[in-house]
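Written below as structure tokens is the structure these notes are about.
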There are 2 protein chains.
Amino acid sequence: MKSVEELTARFRAHGLRVTPQRQAVFRLLAGNDTHPTVEAIHAGVRAEMPTVSLRTVYQTVHDLARLGEVHVLDVGTGQVRVDPNVEEAHHHLVCTRCGRMDDVAVEAPAPPATPGFRAERVEVIVRGTCAACEAAAGGPHRAPGGATVRRTEHETAHETAHETQEATCRS
Amino acid sequence: MKSVEELTARFRAHGLRVTPQRQAVFRLLAGNDTHPTVEAIHAGVRAEMPTVSLRTVYQTVHDLARLGEVHVLDVGTGQVRVDPNVEEAHHHLVCTRCGRMDDVAVEAPAPPATPGFRAERVEVIVRGTCAACEAAAGGPHRAPGGATVRRTEHETAHETAHETQEATCRS
DNA sequence: TTGTTCCTGACAACTATTGCTGATAAAGTG
DNA sequence: CACTTTATCAGCAATAGTTGTCAGGAACAA
């Protein structure tokens, strides 16, 4: 991700105004190799600027995405996440319990030749359980038969993300 | 996907009741190699049984997913899609404009060895444009500068999916 | 400074999905 | 078949995440 100054310049160059609120978002993303949710960015920005609205953060994130400075990712965890790393090709680990994302270096297969479909991008998502959730759940040898087999992964991720994510899965 | 009779038996074996509503859902999915949204299933079921509620379809789909008879996929198009094909390993083409999904045979890379993350499943998503949307948008040589550069793919898919999907992208 | 354009922030609206509940109907039993 | 038990249905309300709306205000050009 580019520096705050570079982003400021790019915004100006594209006719977008640079406001203190936007710079606060820039600052938060510039020194960030995680994949924060919009909510998390909002919380971070409010720490130094308590009046910023969620709407503004969404808009700024979308502007950054439009300029290609970030990627907006939706991998089915119920919340959009922002990936500041657009320079190097990479893919993602997604924790099915808390929704946490991390970068991973796997080479994607070549887009297949599919008549009737113009492939543009290949995305690899490795789903699994992050260390924090593994520990929180009592380790890999947890007795089956409980909630784990009664819900789909999708449901579980959705439901637990809200409460457990920040508490258990921050690195 | 199993036949309606097999699904009926499996539901009974698991203590789930088999109702006409559920069998209508079974019937719709059994002869279906597309990846319908819950909404689309609901519409199909209502064609022969107009009182069935969306709630019931959701519940039946979740029951099917719990028994492993379908996969519930959320690839960030704003709607969950049901994949009746659980027998053969496969991945998906996703149209970024209408959200339409199709199966594709690409071999996934091996899950990387990642300390602090227990990989369970590797998912490959090929994003692009389906033939119908390509045609609807005026072909691949459409002049840039319009809506296409003013919005992220994510936004576009979200917004256009509701109206254009069934109209332009049914095979 | 002045005008214009764009942005902000509060709130409401919107979409997809799920919780709740009285009434209903499927399985099992006699 | 009649009866009992208990999961399910349908409809509505609620929820979370995201976006539209709009009055007021800030940033930039002249």
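For the structure tokens, the naming scheme is as follows: chains receive sequential letters (A, B, ...) according to their order of presentation, residues are indexed from 1 within each chain, and ligands are indexed from 1 in presentation order.
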Item to check | Neighbour list for stretch 3-14 of chain C as a VMD selection string, cut-off 10 Å, only C-alpha atoms (C1' of nucleotides), skip fewer than 2 positions in-chain | outcome: (chain A and resid 15 to 19 21 51 to 56 59) or (chain C and resid 1 16) or (chain D and resid 18 to 21 24 to 30)
Once you count only C-alpha atoms (C1' of nucleotides), what closest atom pair and distance in Å to one decimal does each residue of chain D within 9 Å of chain B have, with rows by chain and rising residue number, as a Markdown table?
```
| residue | atom | partner | partner_atom | distance |
| --- | --- | --- | --- | --- |
| D:DA7 | C1' | B:Arg17 | CA | 6.6 |
| D:DT8 | C1' | B:Arg17 | CA | 7.6 |
| D:DC9 | C1' | B:Thr56 | CA | 7.1 |
| D:DA10 | C1' | B:Ser53 | CA | 6.0 |
| D:DG11 | C1' | B:Ser53 | CA | 7.9 |
```
Can I get the selected residues back with all heavy atoms, as an mmCIF file, in the first residue's frame?
```
data_model
loop_
_atom_site.group_PDB
_atom_site.id
_atom_site.type_symbol
_atom_site.label_atom_id
_atom_site.label_comp_id
_atom_site.auth_asym_id
_atom_site.auth_seq_id
_atom_site.Cartn_x
_atom_site.Cartn_y
_atom_site.Cartn_z
ATOM 1 P P DA D 7 -39.210 -32.553 18.198
ATOM 2 O OP1 DA D 7 -38.148 -33.421 18.717
ATOM 3 O OP2 DA D 7 -39.526 -31.283 18.865
ATOM 4 O "O5'" DA D 7 -38.904 -32.258 16.667
ATOM 5 C "C5'" DA D 7 -38.905 -33.341 15.745
ATOM 6 C "C4'" DA D 7 -39.566 -32.924 14.449
ATOM 7 O "O4'" DA D 7 -40.963 -32.621 14.667
ATOM 8 C "C3'" DA D 7 -38.952 -31.700 13.787
ATOM 9 O "O3'" DA D 7 -38.869 -31.954 12.389
ATOM 10 C "C2'" DA D 7 -39.934 -30.581 14.109
ATOM 11 C "C1'" DA D 7 -41.267 -31.323 14.188
ATOM 12 N N9 DA D 7 -42.232 -30.735 15.109
ATOM 13 C C8 DA D 7 -42.059 -30.491 16.439
ATOM 14 N N7 DA D 7 -43.109 -29.963 17.027
ATOM 15 C C5 DA D 7 -44.034 -29.853 16.005
ATOM 16 C C6 DA D 7 -45.356 -29.359 15.974
ATOM 17 N N6 DA D 7 -45.983 -28.871 17.040
ATOM 18 N N1 DA D 7 -46.010 -29.398 14.795
ATOM 19 C C2 DA D 7 -45.378 -29.896 13.731
ATOM 20 N N3 DA D 7 -44.131 -30.383 13.634
ATOM 21 C C4 DA D 7 -43.513 -30.332 14.819
ATOM 22 P P DT D 8 -38.164 -30.909 11.458
ATOM 23 O OP1 DT D 8 -37.570 -31.666 10.353
ATOM 24 O OP2 DT D 8 -37.353 -30.008 12.276
ATOM 25 O "O5'" DT D 8 -39.410 -30.102 10.899
ATOM 26 C "C5'" DT D 8 -40.440 -30.815 10.204
ATOM 27 C "C4'" DT D 8 -41.544 -29.874 9.816
ATOM 28 O "O4'" DT D 8 -42.237 -29.435 11.004
ATOM 29 C "C3'" DT D 8 -41.093 -28.595 9.095
ATOM 30 O "O3'" DT D 8 -41.740 -28.584 7.831
ATOM 31 C "C2'" DT D 8 -41.556 -27.455 10.005
ATOM 32 C "C1'" DT D 8 -42.670 -28.111 10.806
ATOM 33 N N1 DT D 8 -42.930 -27.542 12.145
ATOM 34 C C2 DT D 8 -44.175 -27.006 12.413
ATOM 35 O O2 DT D 8 -45.066 -26.957 11.585
ATOM 36 N N3 DT D 8 -44.330 -26.526 13.695
ATOM 37 C C4 DT D 8 -43.382 -26.539 14.707
ATOM 38 O O4 DT D 8 -43.644 -26.081 15.807
ATOM 39 C C5 DT D 8 -42.113 -27.120 14.358
ATOM 40 C C7 DT D 8 -41.018 -27.185 15.373
ATOM 41 C C6 DT D 8 -41.943 -27.590 13.105
ATOM 42 P P DC D 9 -41.450 -27.468 6.812
ATOM 43 O OP1 DC D 9 -41.509 -28.083 5.492
ATOM 44 O OP2 DC D 9 -40.245 -26.749 7.262
ATOM 45 O "O5'" DC D 9 -42.714 -26.510 6.971
ATOM 46 C "C5'" DC D 9 -43.997 -27.088 6.874
ATOM 47 C "C4'" DC D 9 -45.065 -26.015 6.905
ATOM 48 O "O4'" DC D 9 -45.289 -25.637 8.278
ATOM 49 C "C3'" DC D 9 -44.716 -24.741 6.136
ATOM 50 O "O3'" DC D 9 -45.806 -24.402 5.283
ATOM 51 C "C2'" DC D 9 -44.501 -23.689 7.222
ATOM 52 C "C1'" DC D 9 -45.252 -24.244 8.420
ATOM 53 N N1 DC D 9 -44.601 -23.996 9.744
ATOM 54 C C2 DC D 9 -45.329 -23.441 10.794
ATOM 55 O O2 DC D 9 -46.503 -23.126 10.613
ATOM 56 N N3 DC D 9 -44.719 -23.251 11.984
ATOM 57 C C4 DC D 9 -43.452 -23.610 12.144
ATOM 58 N N4 DC D 9 -42.898 -23.416 13.337
ATOM 59 C C5 DC D 9 -42.689 -24.178 11.087
ATOM 60 C C6 DC D 9 -43.299 -24.356 9.905
ATOM 61 P P DA D 10 -45.588 -23.402 4.100
ATOM 62 O OP1 DA D 10 -46.433 -23.867 2.997
ATOM 63 O OP2 DA D 10 -44.150 -23.217 3.903
ATOM 64 O "O5'" DA D 10 -46.186 -22.035 4.663
ATOM 65 C "C5'" DA D 10 -47.496 -22.049 5.192
ATOM 66 C "C4'" DA D 10 -47.804 -20.721 5.857
ATOM 67 O "O4'" DA D 10 -47.166 -20.671 7.143
ATOM 68 C "C3'" DA D 10 -47.328 -19.494 5.083
ATOM 69 O "O3'" DA D 10 -48.359 -18.526 5.083
ATOM 70 C "C2'" DA D 10 -46.105 -19.019 5.865
ATOM 71 C "C1'" DA D 10 -46.393 -19.502 7.276
ATOM 72 N N9 DA D 10 -45.211 -19.885 8.038
ATOM 73 C C8 DA D 10 -44.078 -20.460 7.541
ATOM 74 N N7 DA D 10 -43.172 -20.726 8.453
ATOM 75 C C5 DA D 10 -43.760 -20.306 9.630
ATOM 76 C C6 DA D 10 -43.319 -20.322 10.962
ATOM 77 N N6 DA D 10 -42.132 -20.792 11.343
ATOM 78 N N1 DA D 10 -44.149 -19.828 11.903
ATOM 79 C C2 DA D 10 -45.353 -19.353 11.529
ATOM 80 N N3 DA D 10 -45.880 -19.286 10.301
ATOM 81 C C4 DA D 10 -45.024 -19.792 9.391
ATOM 82 P P DG D 11 -48.286 -17.313 4.089
ATOM 83 O OP1 DG D 11 -49.587 -17.262 3.393
ATOM 84 O OP2 DG D 11 -47.033 -17.383 3.312
ATOM 85 O "O5'" DG D 11 -48.195 -16.066 5.066
ATOM 86 C "C5'" DG D 11 -49.017 -16.027 6.224
ATOM 87 C "C4'" DG D 11 -48.352 -15.187 7.291
ATOM 88 O "O4'" DG D 11 -47.277 -15.923 7.901
ATOM 89 C "C3'" DG D 11 -47.741 -13.887 6.765
ATOM 90 O "O3'" DG D 11 -48.347 -12.810 7.440
ATOM 91 C "C2'" DG D 11 -46.244 -14.013 7.073
ATOM 92 C "C1'" DG D 11 -46.246 -15.020 8.218
ATOM 93 N N9 DG D 11 -45.014 -15.775 8.364
ATOM 94 C C8 DG D 11 -44.281 -16.365 7.360
ATOM 95 N N7 DG D 11 -43.216 -16.980 7.797
ATOM 96 C C5 DG D 11 -43.254 -16.783 9.182
ATOM 97 C C6 DG D 11 -42.362 -17.225 10.189
ATOM 98 O O6 DG D 11 -41.330 -17.894 10.064
ATOM 99 N N1 DG D 11 -42.776 -16.808 11.463
ATOM 100 C C2 DG D 11 -43.901 -16.076 11.711
ATOM 101 N N2 DG D 11 -44.137 -15.774 12.980
ATOM 102 N N3 DG D 11 -44.746 -15.657 10.778
ATOM 103 C C4 DG D 11 -44.355 -16.048 9.543
#
```
Checklist entry - Taking only C-alpha atoms into account, what are the residues of chain B at most 7 Å from chain A, put as a ChimeraX atom specification? => result /B:65-66,74-76,106,108-109,111-112,116-131,150-152
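Matched residue by residue and fitted by least squares, the Cα atoms of chain A sit at an RMSD of 0.2 Å from chain B.
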Next on the checklist: Distance cut-off 12 Å, counting only C-alpha atoms (C1' of nucleotides) - which residues of chain C neighbour chain B? Return them as a PyMOL selection string.
Outcome noted: chain C and resi 14-19+24-28
Residues as selected, N, CA and C atoms (P, O5', C5', C4', C3', O3' and C1' of nucleotides), written as a short mmCIF file (atom, residue, chain, number, x, y, z; two decimals), in the first residue's frame, can you do that?
```
data_model
loop_
_atom_site.label_atom_id
_atom_site.label_comp_id
_atom_site.auth_asym_id
_atom_site.auth_seq_id
_atom_site.Cartn_x
_atom_site.Cartn_y
_atom_site.Cartn_z
P DC C 14 -37.03 1.64 0.75
"O5'" DC C 14 -35.96 0.50 0.45
"C5'" DC C 14 -34.76 0.83 -0.24
"C4'" DC C 14 -33.76 -0.29 -0.07
"C3'" DC C 14 -34.39 -1.68 -0.14
"O3'" DC C 14 -34.02 -2.30 -1.36
"C1'" DC C 14 -32.77 -1.49 1.62
P DT C 15 -34.68 -3.71 -1.73
"O5'" DT C 15 -33.55 -4.73 -1.26
"C5'" DT C 15 -32.23 -4.61 -1.77
"C4'" DT C 15 -31.35 -5.69 -1.16
"C3'" DT C 15 -32.01 -7.07 -1.17
"O3'" DT C 15 -31.15 -8.02 -1.78
"C1'" DT C 15 -31.31 -6.50 1.03
P DA C 16 -31.70 -9.49 -2.04
"O5'" DA C 16 -31.10 -10.29 -0.82
"C5'" DA C 16 -29.69 -10.36 -0.67
"C4'" DA C 16 -29.35 -11.04 0.64
"C3'" DA C 16 -29.94 -12.45 0.80
"O3'" DA C 16 -28.93 -13.31 1.27
"C1'" DA C 16 -30.57 -11.09 2.63
P DT C 17 -29.25 -14.87 1.42
"O5'" DT C 17 -29.69 -14.96 2.95
"C5'" DT C 17 -28.74 -14.61 3.96
"C4'" DT C 17 -29.40 -14.53 5.31
"C3'" DT C 17 -30.04 -15.83 5.81
"O3'" DT C 17 -29.23 -16.35 6.86
"C1'" DT C 17 -31.32 -13.89 6.35
P DT C 18 -29.59 -17.72 7.54
"O5'" DT C 18 -30.44 -17.23 8.81
"C5'" DT C 18 -29.83 -16.36 9.74
"C4'" DT C 18 -30.82 -15.95 10.81
"C3'" DT C 18 -31.48 -17.11 11.57
"O3'" DT C 18 -31.33 -16.86 12.95
"C1'" DT C 18 -33.09 -15.56 10.85
P DG C 19 -31.78 -17.95 14.02
"O5'" DG C 19 -32.93 -17.18 14.83
"C5'" DG C 19 -32.64 -15.94 15.44
"C4'" DG C 19 -33.87 -15.38 16.15
"C3'" DG C 19 -34.61 -16.39 17.03
"O3'" DG C 19 -35.08 -15.71 18.19
"C1'" DG C 19 -36.06 -15.60 15.32
P DT C 24 -55.17 -24.71 12.28
"O5'" DT C 24 -54.06 -25.65 11.62
"C5'" DT C 24 -53.18 -25.09 10.64
"C4'" DT C 24 -52.15 -26.13 10.23
"C3'" DT C 24 -52.75 -27.52 9.94
"O3'" DT C 24 -52.31 -27.91 8.64
"C1'" DT C 24 -50.87 -27.68 11.39
P DA C 25 -53.02 -29.11 7.89
"O5'" DA C 25 -51.86 -30.20 7.90
"C5'" DA C 25 -50.56 -29.82 7.47
"C4'" DA C 25 -49.55 -30.86 7.93
"C3'" DA C 25 -49.97 -32.31 7.65
"O3'" DA C 25 -48.81 -33.05 7.34
"C1'" DA C 25 -49.55 -32.06 9.93
P DA C 26 -48.86 -34.22 6.30
"O5'" DA C 26 -47.59 -35.10 6.74
"C5'" DA C 26 -46.31 -34.50 6.69
"C4'" DA C 26 -45.39 -35.18 7.69
"C3'" DA C 26 -45.30 -36.69 7.56
"O3'" DA C 26 -43.97 -37.09 7.82
"C1'" DA C 26 -46.09 -36.13 9.72
P DA C 27 -43.27 -38.28 7.00
"O5'" DA C 27 -42.81 -39.25 8.17
"C5'" DA C 27 -43.71 -39.45 9.21
"C4'" DA C 27 -43.00 -39.91 10.45
"C3'" DA C 27 -42.98 -41.43 10.57
"O3'" DA C 27 -41.90 -41.84 11.39
"C1'" DA C 27 -44.57 -40.47 12.09
P DG C 28 -41.61 -43.42 11.52
"O5'" DG C 28 -42.29 -43.79 12.92
"C5'" DG C 28 -41.92 -43.02 14.07
"C4'" DG C 28 -42.81 -43.36 15.24
"C3'" DG C 28 -43.03 -44.86 15.46
"O3'" DG C 28 -42.92 -45.13 16.86
"C1'" DG C 28 -45.11 -43.77 15.28
#
```
Using the chain letters and numbers from this document, which residues of chain B does DSSP assign to strand (DSSP E), as a PDB file with N, CA, C and O atoms, in the first residue's frame?
```pdb
ATOM      1  N   HIS B  71     -24.094 -27.979  -0.975  1.00  0.00           N
ATOM      2  CA  HIS B  71     -23.178 -26.999  -0.405  1.00  0.00           C
ATOM      3  C   HIS B  71     -23.824 -25.630  -0.504  1.00  0.00           C
ATOM      4  O   HIS B  71     -24.462 -25.305  -1.504  1.00  0.00           O
ATOM      5  N   VAL B  72     -23.665 -24.863   0.543  1.00  0.00           N
ATOM      6  CA  VAL B  72     -24.155 -23.494   0.537  1.00  0.00           C
ATOM      7  C   VAL B  72     -22.954 -22.594   0.295  1.00  0.00           C
ATOM      8  O   VAL B  72     -21.988 -22.627   1.042  1.00  0.00           O
ATOM      9  N   LEU B  73     -23.022 -21.826  -0.779  1.00  0.00           N
ATOM     10  CA  LEU B  73     -21.868 -21.030  -1.187  1.00  0.00           C
ATOM     11  C   LEU B  73     -22.172 -19.546  -1.081  1.00  0.00           C
ATOM     12  O   LEU B  73     -23.229 -19.085  -1.506  1.00  0.00           O
ATOM     13  N   ARG B  81     -25.842 -19.082  -2.611  1.00  0.00           N
ATOM     14  CA  ARG B  81     -26.260 -19.969  -3.681  1.00  0.00           C
ATOM     15  C   ARG B  81     -26.098 -21.412  -3.249  1.00  0.00           C
ATOM     16  O   ARG B  81     -25.206 -21.739  -2.476  1.00  0.00           O
ATOM     17  N   VAL B  82     -26.978 -22.250  -3.782  1.00  0.00           N
ATOM     18  CA  VAL B  82     -27.000 -23.647  -3.392  1.00  0.00           C
ATOM     19  C   VAL B  82     -26.368 -24.480  -4.495  1.00  0.00           C
ATOM     20  O   VAL B  82     -26.751 -24.363  -5.656  1.00  0.00           O
ATOM     21  N   ASP B  83     -25.410 -25.274  -4.109  1.00  0.00           N
ATOM     22  CA  ASP B  83     -24.718 -26.137  -5.066  1.00  0.00           C
ATOM     23  C   ASP B  83     -25.128 -27.580  -4.815  1.00  0.00           C
ATOM     24  O   ASP B  83     -24.725 -28.181  -3.838  1.00  0.00           O
ATOM     25  N   HIS B  91     -14.806 -26.553  -8.859  1.00  0.00           N
ATOM     26  CA  HIS B  91     -14.741 -25.170  -8.416  1.00  0.00           C
ATOM     27  C   HIS B  91     -15.682 -24.346  -9.266  1.00  0.00           C
ATOM     28  O   HIS B  91     -16.466 -24.909 -10.028  1.00  0.00           O
ATOM     29  N   HIS B  92     -15.608 -23.035  -9.129  1.00  0.00           N
ATOM     30  CA  HIS B  92     -16.694 -22.248  -9.715  1.00  0.00           C
ATOM     31  C   HIS B  92     -16.238 -21.040 -10.526  1.00  0.00           C
ATOM     32  O   HIS B  92     -15.265 -20.378 -10.185  1.00  0.00           O
ATOM     33  N   LEU B  93     -17.004 -20.814 -11.575  1.00  0.00           N
ATOM     34  CA  LEU B  93     -16.936 -19.567 -12.309  1.00  0.00           C
ATOM     35  C   LEU B  93     -18.004 -18.655 -11.702  1.00  0.00           C
ATOM     36  O   LEU B  93     -19.128 -19.091 -11.472  1.00  0.00           O
ATOM     37  N   VAL B  94     -17.665 -17.418 -11.460  1.00  0.00           N
ATOM     38  CA  VAL B  94     -18.637 -16.478 -10.917  1.00  0.00           C
ATOM     39  C   VAL B  94     -18.656 -15.237 -11.799  1.00  0.00           C
ATOM     40  O   VAL B  94     -17.615 -14.601 -12.008  1.00  0.00           O
ATOM     41  N   CYS B  95     -19.818 -14.932 -12.295  1.00  0.00           N
ATOM     42  CA  CYS B  95     -19.952 -13.718 -13.091  1.00  0.00           C
ATOM     43  C   CYS B  95     -20.050 -12.518 -12.151  1.00  0.00           C
ATOM     44  O   CYS B  95     -20.901 -12.480 -11.268  1.00  0.00           O
ATOM     45  N   MET B 101     -23.325 -18.535 -11.266  1.00  0.00           N
ATOM     46  CA  MET B 101     -22.221 -19.451 -10.993  1.00  0.00           C
ATOM     47  C   MET B 101     -22.304 -20.652 -11.900  1.00  0.00           C
ATOM     48  O   MET B 101     -23.380 -21.148 -12.184  1.00  0.00           O
ATOM     49  N   ASP B 102     -21.146 -21.142 -12.305  1.00  0.00           N
ATOM     50  CA  ASP B 102     -21.084 -22.393 -13.037  1.00  0.00           C
ATOM     51  C   ASP B 102     -19.927 -23.222 -12.512  1.00  0.00           C
ATOM     52  O   ASP B 102     -18.953 -22.683 -11.985  1.00  0.00           O
ATOM     53  N   ASP B 103     -20.052 -24.505 -12.690  1.00  0.00           N
ATOM     54  CA  ASP B 103     -18.966 -25.386 -12.273  1.00  0.00           C
ATOM     55  C   ASP B 103     -17.824 -25.308 -13.265  1.00  0.00           C
ATOM     56  O   ASP B 103     -18.020 -25.038 -14.446  1.00  0.00           O
ATOM     57  N   VAL B 104     -16.634 -25.559 -12.771  1.00  0.00           N
ATOM     58  CA  VAL B 104     -15.474 -25.598 -13.644  1.00  0.00           C
ATOM     59  C   VAL B 104     -14.489 -26.606 -13.063  1.00  0.00           C
ATOM     60  O   VAL B 104     -14.393 -26.774 -11.845  1.00  0.00           O
ATOM     61  N   PHE B 117      -2.355 -22.018  11.363  1.00  0.00           N
ATOM     62  CA  PHE B 117      -3.619 -22.081  10.631  1.00  0.00           C
ATOM     63  C   PHE B 117      -3.822 -23.510  10.160  1.00  0.00           C
ATOM     64  O   PHE B 117      -2.963 -24.080   9.508  1.00  0.00           O
ATOM     65  N   ARG B 118      -4.942 -24.074  10.524  1.00  0.00           N
ATOM     66  CA  ARG B 118      -5.245 -25.432  10.092  1.00  0.00           C
ATOM     67  C   ARG B 118      -6.131 -25.362   8.858  1.00  0.00           C
ATOM     68  O   ARG B 118      -7.315 -25.071   8.953  1.00  0.00           O
ATOM     69  N   ALA B 119      -5.543 -25.609   7.705  1.00  0.00           N
ATOM     70  CA  ALA B 119      -6.280 -25.524   6.438  1.00  0.00           C
ATOM     71  C   ALA B 119      -7.197 -26.724   6.315  1.00  0.00           C
ATOM     72  O   ALA B 119      -6.817 -27.849   6.633  1.00  0.00           O
ATOM     73  N   GLU B 120      -8.423 -26.468   5.886  1.00  0.00           N
ATOM     74  CA  GLU B 120      -9.387 -27.553   5.747  1.00  0.00           C
ATOM     75  C   GLU B 120      -9.859 -27.737   4.307  1.00  0.00           C
ATOM     76  O   GLU B 120     -10.209 -28.843   3.911  1.00  0.00           O
ATOM     77  N   ARG B 121      -9.869 -26.659   3.573  1.00  0.00           N
ATOM     78  CA  ARG B 121     -10.483 -26.748   2.264  1.00  0.00           C
ATOM     79  C   ARG B 121      -9.918 -25.642   1.387  1.00  0.00           C
ATOM     80  O   ARG B 121      -9.709 -24.530   1.857  1.00  0.00           O
ATOM     81  N   VAL B 122      -9.670 -25.941   0.145  1.00  0.00           N
ATOM     82  CA  VAL B 122      -9.181 -24.938  -0.791  1.00  0.00           C
ATOM     83  C   VAL B 122     -10.263 -24.691  -1.835  1.00  0.00           C
ATOM     84  O   VAL B 122     -10.792 -25.637  -2.420  1.00  0.00           O
ATOM     85  N   GLU B 123     -10.575 -23.439  -2.018  1.00  0.00           N
ATOM     86  CA  GLU B 123     -11.683 -23.064  -2.888  1.00  0.00           C
ATOM     87  C   GLU B 123     -11.116 -22.161  -3.979  1.00  0.00           C
ATOM     88  O   GLU B 123     -10.368 -21.236  -3.695  1.00  0.00           O
ATOM     89  N   VAL B 124     -11.443 -22.473  -5.204  1.00  0.00           N
ATOM     90  CA  VAL B 124     -10.967 -21.654  -6.312  1.00  0.00           C
ATOM     91  C   VAL B 124     -12.164 -20.965  -6.953  1.00  0.00           C
ATOM     92  O   VAL B 124     -13.147 -21.622  -7.302  1.00  0.00           O
ATOM     93  N   ILE B 125     -12.096 -19.685  -7.066  1.00  0.00           N
ATOM     94  CA  ILE B 125     -13.170 -18.913  -7.692  1.00  0.00           C
ATOM     95  C   ILE B 125     -12.597 -18.177  -8.887  1.00  0.00           C
ATOM     96  O   ILE B 125     -11.661 -17.393  -8.744  1.00  0.00           O
ATOM     97  N   VAL B 126     -13.137 -18.460 -10.058  1.00  0.00           N
ATOM     98  CA  VAL B 126     -12.723 -17.751 -11.260  1.00  0.00           C
ATOM     99  C   VAL B 126     -13.768 -16.682 -11.518  1.00  0.00           C
ATOM    100  O   VAL B 126     -14.923 -16.986 -11.801  1.00  0.00           O
ATOM    101  N   ARG B 127     -13.368 -15.437 -11.381  1.00  0.00           N
ATOM    102  CA  ARG B 127     -14.325 -14.351 -11.602  1.00  0.00           C
ATOM    103  C   ARG B 127     -14.175 -13.814 -13.007  1.00  0.00           C
ATOM    104  O   ARG B 127     -13.078 -13.785 -13.553  1.00  0.00           O
ATOM    105  N   GLY B 128     -15.274 -13.404 -13.557  1.00  0.00           N
ATOM    106  CA  GLY B 128     -15.232 -12.889 -14.911  1.00  0.00           C
ATOM    107  C   GLY B 128     -16.623 -12.486 -15.350  1.00  0.00           C
ATOM    108  O   GLY B 128     -17.448 -12.093 -14.542  1.00  0.00           O
ATOM    109  N   THR B 129     -16.874 -12.591 -16.637  1.00  0.00           N
ATOM    110  CA  THR B 129     -18.159 -12.162 -17.186  1.00  0.00           C
ATOM    111  C   THR B 129     -18.749 -13.295 -18.000  1.00  0.00           C
ATOM    112  O   THR B 129     -18.075 -13.867 -18.858  1.00  0.00           O
ATOM    113  N   CYS B 130     -20.006 -13.596 -17.734  1.00  0.00           N
ATOM    114  CA  CYS B 130     -20.644 -14.670 -18.482  1.00  0.00           C
ATOM    115  C   CYS B 130     -21.097 -14.139 -19.839  1.00  0.00           C
ATOM    116  O   CYS B 130     -21.190 -12.928 -20.057  1.00  0.00           O
TER     117      CYS B 130
END
```
